[in-house]
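See below for input-v4.pdb, which holds PDB, C-alpha atoms, pLDDT in the B column.
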```
ATOM      1  CA  MET T  28     -17.198 -89.809  58.898  1.00 48.00           C
ATOM      2  CA  MET T  29     -13.786 -88.485  59.941  1.00 60.00           C
ATOM      3  CA  ASN T  30     -13.426 -84.763  59.481  1.00 89.00           C
ATOM      4  CA  ILE T  31     -10.043 -83.063  59.207  1.00 96.00           C
ATOM      5  CA  ASP T  32      -9.637 -80.744  62.186  1.00 97.00           C
ATOM      6  CA  LEU T  33      -6.722 -78.290  62.082  1.00 98.00           C
ATOM      7  CA  THR T  34      -8.102 -75.976  64.760  1.00 97.00           C
ATOM      8  CA  GLY T  35      -5.381 -74.147  66.661  1.00 96.00           C
ATOM      9  CA  LYS T  36      -2.697 -74.923  64.102  1.00 98.00           C
ATOM     10  CA  THR T  37      -0.924 -72.478  61.816  1.00 98.00           C
ATOM     11  CA  ALA T  38      -0.042 -73.159  58.186  1.00 99.00           C
ATOM     12  CA  PHE T  39       2.177 -71.331  55.713  1.00 99.00           C
ATOM     13  CA  VAL T  40       1.385 -71.627  51.999  1.00 98.00           C
ATOM     14  CA  THR T  41       3.416 -70.326  49.050  1.00 98.00           C
ATOM     15  CA  GLY T  42       1.738 -69.369  45.791  1.00 97.00           C
ATOM     16  CA  GLY T  43      -1.472 -69.076  47.759  1.00 97.00           C
ATOM     17  CA  SER T  44      -3.307 -66.342  45.846  1.00 97.00           C
ATOM     18  CA  LYS T  45      -4.650 -68.357  42.900  1.00 95.00           C
ATOM     19  CA  GLY T  46      -5.170 -71.798  41.407  1.00 95.00           C
ATOM     20  CA  ILE T  47      -4.231 -74.820  43.500  1.00 97.00           C
ATOM     21  CA  GLY T  48      -2.576 -72.638  46.143  1.00 97.00           C
ATOM     22  CA  ARG T  49      -5.706 -70.603  46.765  1.00 97.00           C
ATOM     23  CA  ALA T  50      -7.805 -73.760  46.996  1.00 98.00           C
ATOM     24  CA  ILE T  51      -5.341 -75.151  49.553  1.00 98.00           C
ATOM     25  CA  VAL T  52      -5.527 -71.974  51.630  1.00 98.00           C
ATOM     26  CA  GLU T  53      -9.336 -72.059  51.578  1.00 98.00           C
ATOM     27  CA  VAL T  54      -9.549 -75.735  52.551  1.00 98.00           C
ATOM     28  CA  LEU T  55      -7.047 -75.321  55.397  1.00 98.00           C
ATOM     29  CA  ALA T  56      -8.969 -72.341  56.760  1.00 98.00           C
ATOM     30  CA  ASP T  57     -12.223 -74.295  56.470  1.00 97.00           C
ATOM     31  CA  CYS T  58     -10.548 -77.030  58.547  1.00 97.00           C
ATOM     32  CA  GLY T  59      -9.789 -74.475  61.265  1.00 97.00           C
ATOM     33  CA  ALA T  60      -6.172 -73.491  60.585  1.00 98.00           C
ATOM     34  CA  ASN T  61      -4.650 -70.019  60.623  1.00 98.00           C
ATOM     35  CA  VAL T  62      -2.847 -69.424  57.335  1.00 98.00           C
ATOM     36  CA  GLY T  63       0.084 -67.268  56.273  1.00 98.00           C
ATOM     37  CA  VAL T  64      -0.385 -66.746  52.533  1.00 98.00           C
ATOM     38  CA  MET T  65       2.651 -65.863  50.405  1.00 98.00           C
ATOM     39  CA  ALA T  66       2.488 -64.760  46.772  1.00 98.00           C
ATOM     40  CA  ARG T  67       4.257 -62.372  44.405  1.00 96.00           C
ATOM     41  CA  GLY T  68       1.292 -60.445  43.012  1.00 95.00           C
ATOM     42  CA  LYS T  69       0.218 -57.772  45.500  1.00 95.00           C
ATOM     43  CA  GLU T  70      -3.327 -57.198  44.232  1.00 96.00           C
ATOM     44  CA  GLU T  71      -4.199 -60.885  43.789  1.00 96.00           C
ATOM     45  CA  LEU T  72      -2.788 -61.663  47.212  1.00 98.00           C
ATOM     46  CA  ALA T  73      -4.722 -58.857  48.896  1.00 98.00           C
ATOM     47  CA  ALA T  74      -7.961 -59.964  47.232  1.00 97.00           C
ATOM     48  CA  ALA T  75      -7.494 -63.616  48.187  1.00 97.00           C
ATOM     49  CA  VAL T  76      -6.695 -62.837  51.824  1.00 98.00           C
ATOM     50  CA  ALA T  77      -9.566 -60.340  52.062  1.00 98.00           C
ATOM     51  CA  ASP T  78     -11.994 -62.991  50.802  1.00 97.00           C
ATOM     52  CA  LEU T  79     -10.636 -65.509  53.300  1.00 97.00           C
ATOM     53  CA  ASN T  80     -10.810 -63.119  56.251  1.00 98.00           C
ATOM     54  CA  ALA T  81     -14.377 -62.201  55.312  1.00 98.00           C
ATOM     55  CA  LYS T  82     -15.280 -65.875  55.784  1.00 97.00           C
ATOM     56  CA  HIS T  83     -12.861 -66.630  58.650  1.00 97.00           C
ATOM     57  CA  PRO T  84     -12.071 -63.316  60.404  1.00 97.00           C
ATOM     58  CA  GLY T  85      -8.434 -62.847  61.370  1.00 97.00           C
ATOM     59  CA  ARG T  86      -7.279 -66.269  60.213  1.00 97.00           C
ATOM     60  CA  ALA T  87      -5.303 -65.255  57.095  1.00 98.00           C
ATOM     61  CA  LEU T  88      -2.158 -63.150  56.841  1.00 98.00           C
ATOM     62  CA  ALA T  89      -0.946 -61.674  53.523  1.00 98.00           C
ATOM     63  CA  LEU T  90       2.790 -61.981  52.844  1.00 98.00           C
ATOM     64  CA  GLN T  91       4.076 -60.573  49.577  1.00 98.00           C
ATOM     65  CA  GLY T  92       7.396 -61.874  48.303  1.00 97.00           C
ATOM     66  CA  ASP T  93       9.365 -64.086  45.948  1.00 97.00           C
ATOM     67  CA  VAL T  94      10.211 -67.615  47.103  1.00 97.00           C
ATOM     68  CA  SER T  95      13.342 -67.703  44.948  1.00 97.00           C
ATOM     69  CA  GLY T  96      14.996 -65.379  47.467  1.00 95.00           C
ATOM     70  CA  PHE T  97      15.783 -66.818  50.898  1.00 97.00           C
ATOM     71  CA  ASP T  98      15.329 -63.450  52.631  1.00 98.00           C
ATOM     72  CA  ASP T  99      11.771 -63.034  51.328  1.00 97.00           C
ATOM     73  CA  VAL T 100      10.546 -66.490  52.205  1.00 98.00           C
ATOM     74  CA  GLY T 101      12.449 -66.645  55.501  1.00 98.00           C
ATOM     75  CA  LYS T 102      10.958 -63.371  56.687  1.00 98.00           C
ATOM     76  CA  ALA T 103       7.459 -64.431  55.590  1.00 98.00           C
ATOM     77  CA  ILE T 104       7.659 -67.671  57.568  1.00 98.00           C
ATOM     78  CA  ALA T 105       9.079 -65.953  60.645  1.00 98.00           C
ATOM     79  CA  ARG T 106       6.320 -63.352  60.473  1.00 98.00           C
ATOM     80  CA  THR T 107       3.648 -66.054  60.166  1.00 98.00           C
ATOM     81  CA  ALA T 108       4.974 -67.865  63.235  1.00 98.00           C
ATOM     82  CA  GLN T 109       5.240 -64.627  65.195  1.00 98.00           C
ATOM     83  CA  HIS T 110       1.777 -63.408  64.211  1.00 98.00           C
ATOM     84  CA  PHE T 111      -0.077 -66.633  65.004  1.00 98.00           C
ATOM     85  CA  GLY T 112       2.191 -68.004  67.720  1.00 98.00           C
ATOM     86  CA  GLY T 113       4.116 -70.807  66.042  1.00 98.00           C
ATOM     87  CA  LEU T 114       4.103 -72.874  62.868  1.00 98.00           C
ATOM     88  CA  GLN T 115       3.011 -76.496  62.569  1.00 98.00           C
ATOM     89  CA  LEU T 116       2.002 -76.887  58.906  1.00 99.00           C
ATOM     90  CA  ALA T 117       3.416 -75.788  55.553  1.00 99.00           C
ATOM     91  CA  VAL T 118       2.629 -76.223  51.870  1.00 99.00           C
ATOM     92  CA  ASN T 119       5.270 -75.327  49.307  1.00 98.00           C
ATOM     93  CA  ASN T 120       3.113 -74.793  46.257  1.00 98.00           C
ATOM     94  CA  ALA T 121       4.623 -71.897  44.276  1.00 97.00           C
ATOM     95  CA  GLY T 122       5.761 -73.069  40.858  1.00 96.00           C
ATOM     96  CA  VAL T 123       6.202 -72.068  37.234  1.00 94.00           C
ATOM     97  CA  ALA T 124       6.273 -74.044  33.995  1.00 91.00           C
ATOM     98  CA  GLY T 125       8.817 -71.813  32.280  1.00 94.00           C
ATOM     99  CA  THR T 126       9.361 -71.285  28.572  1.00 94.00           C
ATOM    100  CA  PRO T 127       8.493 -74.212  26.309  1.00 91.00           C
ATOM    101  CA  GLY T 128      11.213 -75.425  24.002  1.00 96.00           C
ATOM    102  CA  LEU T 129      14.280 -77.601  23.723  1.00 98.00           C
ATOM    103  CA  LEU T 130      16.854 -77.193  26.493  1.00 98.00           C
ATOM    104  CA  HIS T 131      19.441 -75.383  24.377  1.00 98.00           C
ATOM    105  CA  VAL T 132      16.810 -73.044  22.931  1.00 97.00           C
ATOM    106  CA  ALA T 133      15.104 -72.117  26.234  1.00 97.00           C
ATOM    107  CA  GLY T 134      18.584 -71.398  27.561  1.00 98.00           C
ATOM    108  CA  PRO T 135      20.163 -70.607  30.924  1.00 98.00           C
ATOM    109  CA  GLU T 136      17.800 -67.788  31.933  1.00 98.00           C
ATOM    110  CA  ASN T 137      14.812 -70.126  31.775  1.00 98.00           C
ATOM    111  CA  TRP T 138      16.742 -72.790  33.700  1.00 98.00           C
ATOM    112  CA  LEU T 139      17.622 -70.381  36.509  1.00 98.00           C
ATOM    113  CA  HIS T 140      14.103 -68.938  36.644  1.00 98.00           C
ATOM    114  CA  VAL T 141      12.303 -72.292  36.870  1.00 98.00           C
ATOM    115  CA  MET T 142      14.773 -73.922  39.243  1.00 98.00           C
ATOM    116  CA  GLY T 143      14.853 -70.765  41.362  1.00 98.00           C
ATOM    117  CA  ILE T 144      11.136 -71.060  42.099  1.00 98.00           C
ATOM    118  CA  ASN T 145      10.377 -74.786  41.773  1.00 98.00           C
ATOM    119  CA  LEU T 146      13.407 -76.173  43.608  1.00 98.00           C
ATOM    120  CA  ASP T 147      15.467 -73.453  45.305  1.00 98.00           C
ATOM    121  CA  GLY T 148      12.277 -71.796  46.544  1.00 98.00           C
ATOM    122  CA  VAL T 149      11.051 -75.013  48.147  1.00 98.00           C
ATOM    123  CA  ALA T 150      14.432 -75.718  49.752  1.00 98.00           C
ATOM    124  CA  TYR T 151      14.667 -72.167  51.119  1.00 98.00           C
ATOM    125  CA  ALA T 152      11.121 -72.351  52.480  1.00 98.00           C
ATOM    126  CA  MET T 153      11.761 -75.723  54.094  1.00 99.00           C
ATOM    127  CA  MET T 154      14.865 -74.399  55.849  1.00 98.00           C
ATOM    128  CA  ALA T 155      12.794 -71.726  57.566  1.00 98.00           C
ATOM    129  CA  GLU T 156       9.688 -73.911  58.061  1.00 99.00           C
ATOM    130  CA  ILE T 157      11.695 -76.677  59.714  1.00 98.00           C
ATOM    131  CA  THR T 158      13.408 -74.156  61.999  1.00 98.00           C
ATOM    132  CA  GLU T 159       9.992 -73.011  63.261  1.00 98.00           C
ATOM    133  CA  MET T 160       8.607 -76.559  63.491  1.00 98.00           C
ATOM    134  CA  LEU T 161      11.528 -77.681  65.625  1.00 98.00           C
ATOM    135  CA  LYS T 162      10.547 -74.931  68.079  1.00 98.00           C
ATOM    136  CA  ALA T 163       6.952 -76.169  67.975  1.00 97.00           C
ATOM    137  CA  GLY T 164       7.948 -79.790  68.666  1.00 98.00           C
ATOM    138  CA  GLY T 165       7.057 -81.103  65.220  1.00 98.00           C
ATOM    139  CA  GLY T 166       4.973 -80.446  62.141  1.00 98.00           C
ATOM    140  CA  SER T 167       3.922 -81.524  58.689  1.00 99.00           C
ATOM    141  CA  ILE T 168       5.100 -80.234  55.302  1.00 99.00           C
ATOM    142  CA  VAL T 169       3.621 -80.947  51.879  1.00 99.00           C
ATOM    143  CA  ASN T 170       5.531 -80.061  48.717  1.00 99.00           C
ATOM    144  CA  ILE T 171       3.540 -79.730  45.514  1.00 98.00           C
ATOM    145  CA  ALA T 172       5.268 -81.741  42.809  1.00 98.00           C
ATOM    146  CA  SER T 173       3.598 -82.896  39.573  1.00 97.00           C
ATOM    147  CA  VAL T 174       2.808 -85.996  37.557  1.00 96.00           C
ATOM    148  CA  GLU T 175       5.810 -84.824  35.533  1.00 95.00           C
ATOM    149  CA  ALA T 176       7.905 -85.920  38.528  1.00 97.00           C
ATOM    150  CA  HIS T 177       7.054 -89.468  37.395  1.00 97.00           C
ATOM    151  CA  THR T 178       7.291 -89.024  33.636  1.00 95.00           C
ATOM    152  CA  ILE T 179       8.314 -86.201  31.282  1.00 94.00           C
ATOM    153  CA  LEU T 180       6.620 -83.262  29.618  1.00 90.00           C
ATOM    154  CA  LYS T 181       8.022 -82.835  26.151  1.00 91.00           C
ATOM    155  CA  GLU T 182       9.787 -79.534  25.528  1.00 94.00           C
ATOM    156  CA  PHE T 183       9.649 -78.630  29.227  1.00 95.00           C
ATOM    157  CA  PRO T 184      12.908 -80.266  30.354  1.00 98.00           C
ATOM    158  CA  THR T 185      13.663 -77.761  33.095  1.00 98.00           C
ATOM    159  CA  TYR T 186      10.196 -78.070  34.627  1.00 98.00           C
ATOM    160  CA  THR T 187      10.450 -81.855  34.441  1.00 98.00           C
ATOM    161  CA  ALA T 188      13.881 -81.830  36.085  1.00 98.00           C
ATOM    162  CA  SER T 189      12.723 -79.493  38.864  1.00 98.00           C
ATOM    163  CA  LYS T 190       9.826 -81.757  39.820  1.00 98.00           C
ATOM    164  CA  HIS T 191      11.927 -84.943  39.737  1.00 98.00           C
ATOM    165  CA  ALA T 192      14.417 -83.191  42.032  1.00 98.00           C
ATOM    166  CA  LEU T 193      11.619 -82.062  44.336  1.00 98.00           C
ATOM    167  CA  ILE T 194      10.614 -85.672  44.983  1.00 98.00           C
ATOM    168  CA  GLY T 195      14.213 -86.439  45.924  1.00 98.00           C
ATOM    169  CA  LEU T 196      14.358 -83.452  48.253  1.00 98.00           C
ATOM    170  CA  THR T 197      11.096 -84.521  49.890  1.00 99.00           C
ATOM    171  CA  LYS T 198      12.227 -88.096  50.517  1.00 98.00           C
ATOM    172  CA  ALA T 199      15.681 -87.122  51.791  1.00 98.00           C
ATOM    173  CA  THR T 200      14.383 -84.554  54.244  1.00 99.00           C
ATOM    174  CA  ALA T 201      11.568 -86.863  55.359  1.00 99.00           C
ATOM    175  CA  ALA T 202      14.187 -89.385  56.455  1.00 98.00           C
ATOM    176  CA  ASP T 203      16.338 -86.758  58.142  1.00 98.00           C
ATOM    177  CA  TYR T 204      13.561 -85.141  60.187  1.00 98.00           C
ATOM    178  CA  ALA T 205      11.339 -88.118  61.041  1.00 98.00           C
ATOM    179  CA  SER T 206      12.998 -88.439  64.455  1.00 98.00           C
ATOM    180  CA  HIS T 207      12.199 -84.763  65.073  1.00 98.00           C
ATOM    181  CA  LYS T 208       8.460 -85.417  64.564  1.00 98.00           C
ATOM    182  CA  ILE T 209       8.363 -83.504  61.277  1.00 98.00           C
ATOM    183  CA  ARG T 210       6.605 -85.355  58.461  1.00 99.00           C
ATOM    184  CA  ILE T 211       7.399 -84.342  54.886  1.00 99.00           C
ATOM    185  CA  ASN T 212       5.370 -85.586  51.930  1.00 99.00           C
ATOM    186  CA  SER T 213       4.499 -84.445  48.422  1.00 98.00           C
ATOM    187  CA  VAL T 214       1.419 -84.323  46.229  1.00 98.00           C
ATOM    188  CA  SER T 215       1.695 -84.732  42.471  1.00 98.00           C
ATOM    189  CA  PRO T 216      -1.268 -83.128  40.716  1.00 97.00           C
ATOM    190  CA  GLY T 217      -2.204 -84.177  37.218  1.00 95.00           C
ATOM    191  CA  VAL T 218      -3.798 -81.802  34.732  1.00 93.00           C
ATOM    192  CA  ILE T 219      -5.752 -79.369  36.909  1.00 95.00           C
ATOM    193  CA  ARG T 220      -8.006 -76.520  35.810  1.00 92.00           C
ATOM    194  CA  THR T 221      -6.062 -73.443  36.989  1.00 91.00           C
ATOM    195  CA  PRO T 222      -5.214 -69.983  35.593  1.00 84.00           C
ATOM    196  CA  LEU T 223      -1.775 -71.399  34.687  1.00 78.00           C
ATOM    197  CA  THR T 224      -3.023 -74.397  32.710  1.00 86.00           C
ATOM    198  CA  MET T 225      -5.803 -72.442  30.993  1.00 89.00           C
ATOM    199  CA  ALA T 226      -3.647 -69.435  30.073  1.00 87.00           C
ATOM    200  CA  GLU T 227      -3.095 -68.403  26.479  1.00 85.00           C
ATOM    201  CA  GLY T 228      -0.204 -70.391  25.071  1.00 79.00           C
ATOM    202  CA  GLN T 229      -0.581 -73.090  27.732  1.00 81.00           C
ATOM    203  CA  LYS T 230      -4.163 -74.174  27.023  1.00 87.00           C
ATOM    204  CA  GLU T 231      -3.059 -76.033  23.890  1.00 86.00           C
ATOM    205  CA  VAL T 232      -0.724 -78.189  25.992  1.00 81.00           C
ATOM    206  CA  THR T 233      -3.491 -78.690  28.581  1.00 88.00           C
ATOM    207  CA  ASP T 234      -5.974 -79.804  25.936  1.00 88.00           C
ATOM    208  CA  ARG T 235      -3.443 -82.263  24.508  1.00 85.00           C
ATOM    209  CA  LEU T 236      -2.699 -83.741  27.907  1.00 82.00           C
ATOM    210  CA  ALA T 237      -6.386 -83.919  28.849  1.00 87.00           C
ATOM    211  CA  LEU T 238      -6.972 -86.484  26.120  1.00 87.00           C
ATOM    212  CA  ARG T 239      -4.875 -88.952  28.141  1.00 87.00           C
ATOM    213  CA  ILE T 240      -6.911 -88.775  31.362  1.00 93.00           C
ATOM    214  CA  PRO T 241      -8.884 -91.998  31.988  1.00 94.00           C
ATOM    215  CA  GLU T 242     -11.485 -90.130  34.061  1.00 92.00           C
ATOM    216  CA  GLY T 243     -12.140 -87.992  31.008  1.00 88.00           C
ATOM    217  CA  ARG T 244     -11.913 -84.598  32.686  1.00 91.00           C
ATOM    218  CA  LEU T 245      -9.512 -82.085  34.156  1.00 93.00           C
ATOM    219  CA  GLY T 246      -8.992 -82.115  37.904  1.00 96.00           C
ATOM    220  CA  GLU T 247     -10.252 -79.288  40.075  1.00 96.00           C
ATOM    221  CA  PRO T 248      -7.995 -77.369  42.506  1.00 97.00           C
ATOM    222  CA  GLU T 249     -10.171 -78.389  45.467  1.00 97.00           C
ATOM    223  CA  GLU T 250      -9.464 -82.063  44.755  1.00 98.00           C
ATOM    224  CA  VAL T 251      -5.747 -81.434  45.179  1.00 98.00           C
ATOM    225  CA  ALA T 252      -6.357 -79.267  48.249  1.00 98.00           C
ATOM    226  CA  ARG T 253      -8.277 -82.000  50.066  1.00 97.00           C
ATOM    227  CA  SER T 254      -5.403 -84.444  49.508  1.00 98.00           C
ATOM    228  CA  VAL T 255      -2.978 -81.867  50.898  1.00 98.00           C
ATOM    229  CA  ALA T 256      -5.149 -81.360  53.980  1.00 98.00           C
ATOM    230  CA  PHE T 257      -5.137 -85.120  54.603  1.00 98.00           C
ATOM    231  CA  LEU T 258      -1.335 -85.285  54.482  1.00 98.00           C
ATOM    232  CA  LEU T 259      -1.023 -82.293  56.797  1.00 98.00           C
ATOM    233  CA  SER T 260      -3.451 -83.737  59.328  1.00 98.00           C
ATOM    234  CA  ASP T 261      -3.048 -86.374  62.019  1.00 97.00           C
ATOM    235  CA  LEU T 262      -5.126 -88.745  59.866  1.00 97.00           C
ATOM    236  CA  SER T 263      -1.875 -89.430  57.971  1.00 98.00           C
ATOM    237  CA  GLY T 264       0.253 -89.514  61.109  1.00 97.00           C
ATOM    238  CA  TYR T 265       2.260 -92.591  60.064  1.00 98.00           C
ATOM    239  CA  THR T 266       2.951 -91.301  56.541  1.00 98.00           C
ATOM    240  CA  THR T 267       6.177 -89.533  55.608  1.00 98.00           C
ATOM    241  CA  GLY T 268       8.423 -89.450  52.552  1.00 98.00           C
ATOM    242  CA  THR T 269       5.646 -90.470  50.206  1.00 98.00           C
ATOM    243  CA  ASP T 270       4.143 -88.894  47.087  1.00 98.00           C
ATOM    244  CA  LEU T 271       0.381 -88.852  46.613  1.00 98.00           C
ATOM    245  CA  VAL T 272      -0.592 -88.710  42.943  1.00 98.00           C
ATOM    246  CA  VAL T 273      -3.870 -86.881  42.263  1.00 98.00           C
ATOM    247  CA  ASP T 274      -4.307 -87.240  38.512  1.00 97.00           C
ATOM    248  CA  GLY T 275      -7.528 -88.984  37.508  1.00 96.00           C
ATOM    249  CA  GLY T 276      -5.410 -91.878  36.258  1.00 96.00           C
ATOM    250  CA  PHE T 277      -3.224 -89.721  33.992  1.00 95.00           C
ATOM    251  CA  LEU T 278      -0.114 -91.830  34.651  1.00 95.00           C
ATOM    252  CA  LEU T 279      -1.874 -95.091  33.836  1.00 94.00           C
ATOM    253  CA  ARG T 280      -1.072 -96.467  30.397  1.00 72.00           C
ATOM    254  CA  GLU T 281      -2.308 -99.429  28.402  1.00 59.00           C
TER
END
```
If you took the structure in this file and wrote it as structure tokens, what would it be?
Amino acid sequence: MMNIDLTGKTAFVTGGSKGIGRAIVEVLADCGANVGVMARGKEELAAAVADLNAKHPGRALALQGDVSGFDDVGKAIARTAQHFGGLQLAVNNAGVAGTPGLLHVAGPENWLHVMGINLDGVAYAMMAEITEMLKAGGGSIVNIASVEAHTILKEFPTYTASKHALIGLTKATAADYASHKIRINSVSPGVIRTPLTMAEGQKEVTDRLALRIPEGRLGEPEEVARSVAFLLSDLSGYTTGTDLVVDGGFLLRE
């Protein structure tokens, strides 16, 4: 059996205090990586990093901030690299669904909010991550997209657009940085059991979508995290610019 070994490498993860992001952070630490964990919520972030450091002393660094601002995310990445001595791995996971509704009803504030986190935030993070990885002689980045990057989610047009754009950003940058030994891929989770999908007001949408899953169940955050770890690791060393769908068959249709 081939185990994923990330010992001696440093990762930076956005939205790492809960849901899929927290599972990613935990799996990467279990594989031996040091992890800079960025999130907006101070208390949730502190709790997540404390739990991680209790299991893997000194391997997690808490970084509070908002990815939709370049200063916040740039400083967090620079601090991660400085603290652990470089940056080789990154996962851009922070995302929001936004307000449900038709485009003209949800309006410009919702558009700016969702795009600011789901697309601008990833682009800003990648700018800083790539800068550090060039210093390190290469690296691997995974952007968290969605099955909605391959289809649509009714009455979430901004979310849908942000994830379609994220796939484009991933592929374009993968081509540009391949010669610099930086691999850039994405993972598109299906309907996963997280605080976001199970929240009041969102659970109804989750339950409706769950009926379409051939495997007959929701995915678990750890199942996404293991796929991310594979794409970050040398086991996928000849893979760049691709999207790995982790959805229990959600996109399959009769």
### Task
Starting from the shown file, work through the PyMOL selection byres ((chain T and resi 118) around 9) and note down what comes out as a PyMOL selection string.
chain T and resi 38-41+48+51+116-117+119-121+167-171+255+259
### Query
Distance atom CA of Ser206 of chain T-atom CA of Ala192 of chain T, one decimal place?
23.1 Å
Run the PyMOL selection byres ((chain T and resi 146) around 12) against the file shown and list the residues it catches, as a short mmCIF file (atom, residue, chain, number, x, y, z; two decimals) with C-alpha atoms, in the coordinates of the input.
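Final output, saved to out_3.cif:
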```cif
data_model
loop_
_atom_site.label_atom_id
_atom_site.label_comp_id
_atom_site.auth_asym_id
_atom_site.auth_seq_id
_atom_site.Cartn_x
_atom_site.Cartn_y
_atom_site.Cartn_z
CA VAL T 94 10.21 -67.61 47.10
CA SER T 95 13.34 -67.70 44.95
CA GLY T 96 15.00 -65.38 47.47
CA ASN T 119 5.27 -75.33 49.31
CA ASN T 120 3.11 -74.79 46.26
CA ALA T 121 4.62 -71.90 44.28
CA GLY T 122 5.76 -73.07 40.86
CA VAL T 123 6.20 -72.07 37.23
CA TRP T 138 16.74 -72.79 33.70
CA LEU T 139 17.62 -70.38 36.51
CA HIS T 140 14.10 -68.94 36.64
CA VAL T 141 12.30 -72.29 36.87
CA MET T 142 14.77 -73.92 39.24
CA GLY T 143 14.85 -70.76 41.36
CA ILE T 144 11.14 -71.06 42.10
CA ASN T 145 10.38 -74.79 41.77
CA ASP T 147 15.47 -73.45 45.30
CA GLY T 148 12.28 -71.80 46.54
CA VAL T 149 11.05 -75.01 48.15
CA ALA T 150 14.43 -75.72 49.75
CA TYR T 151 14.67 -72.17 51.12
CA ALA T 152 11.12 -72.35 52.48
CA MET T 153 11.76 -75.72 54.09
CA ASN T 170 5.53 -80.06 48.72
CA ILE T 171 3.54 -79.73 45.51
CA ALA T 172 5.27 -81.74 42.81
CA THR T 185 13.66 -77.76 33.10
CA TYR T 186 10.20 -78.07 34.63
CA THR T 187 10.45 -81.86 34.44
CA ALA T 188 13.88 -81.83 36.08
CA SER T 189 12.72 -79.49 38.86
CA LYS T 190 9.83 -81.76 39.82
CA HIS T 191 11.93 -84.94 39.74
CA ALA T 192 14.42 -83.19 42.03
CA LEU T 193 11.62 -82.06 44.34
CA ILE T 194 10.61 -85.67 44.98
CA GLY T 195 14.21 -86.44 45.92
CA LEU T 196 14.36 -83.45 48.25
CA THR T 197 11.10 -84.52 49.89
#
```
### Task
Tell me which residues the PyMOL selection byres ((chain T and resi 36) around 7) grabs here, as a count of residues only.
8
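Minimum distance to Val218 of chain T across T:Ile47, T:Leu161, T:Leu129, T:Ala89 (counting all atoms listed in the file) occurs at T:Ile47.
The coordinates place atom CA of Tyr204 of chain T at 13.8 Å from atom CA of Thr269 of chain T.
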### Task
Tell me which protein, DNA and RNA residues are within 6 Å of Val273 of chain T, counting all atoms listed in the file, leaving out same-chain ones fewer than 2 positions away, and put them as number ranges by chain.
T: 215-217
Could I get segment 144-157 of chain T rebuilt with N, CA and C atoms, written as a compact mmCIF listing (two decimals), in the coordinates of the input?
```txt
# COMPACT_ATOMS: atom_id res chain seq x y z
N ILE T 144 12.44 -71.01 41.44
CA ILE T 144 11.14 -71.06 42.10
C ILE T 144 10.77 -72.49 42.50
N ASN T 145 10.87 -73.43 41.55
CA ASN T 145 10.38 -74.79 41.77
C ASN T 145 11.24 -75.63 42.70
N LEU T 146 12.53 -75.36 42.77
CA LEU T 146 13.41 -76.17 43.61
C LEU T 146 14.09 -75.34 44.70
N ASP T 147 14.82 -74.30 44.30
CA ASP T 147 15.47 -73.45 45.30
C ASP T 147 14.43 -72.88 46.27
N GLY T 148 13.31 -72.41 45.72
CA GLY T 148 12.28 -71.80 46.54
C GLY T 148 11.71 -72.75 47.58
N VAL T 149 11.55 -74.01 47.20
CA VAL T 149 11.05 -75.01 48.15
C VAL T 149 12.10 -75.30 49.22
N ALA T 150 13.35 -75.45 48.80
CA ALA T 150 14.43 -75.72 49.75
C ALA T 150 14.58 -74.57 50.74
N TYR T 151 14.55 -73.33 50.24
CA TYR T 151 14.67 -72.17 51.12
C TYR T 151 13.51 -72.14 52.12
N ALA T 152 12.29 -72.37 51.60
CA ALA T 152 11.12 -72.35 52.48
C ALA T 152 11.23 -73.44 53.54
N MET T 153 11.65 -74.62 53.14
CA MET T 153 11.76 -75.72 54.09
C MET T 153 12.78 -75.43 55.19
N MET T 154 13.87 -74.77 54.83
CA MET T 154 14.86 -74.40 55.85
C MET T 154 14.22 -73.58 56.97
N ALA T 155 13.43 -72.60 56.58
CA ALA T 155 12.79 -71.73 57.57
C ALA T 155 11.62 -72.42 58.25
N GLU T 156 10.84 -73.19 57.49
CA GLU T 156 9.69 -73.91 58.06
C GLU T 156 10.15 -74.91 59.12
N ILE T 157 11.18 -75.67 58.78
CA ILE T 157 11.70 -76.68 59.71
C ILE T 157 12.23 -76.02 60.99
```
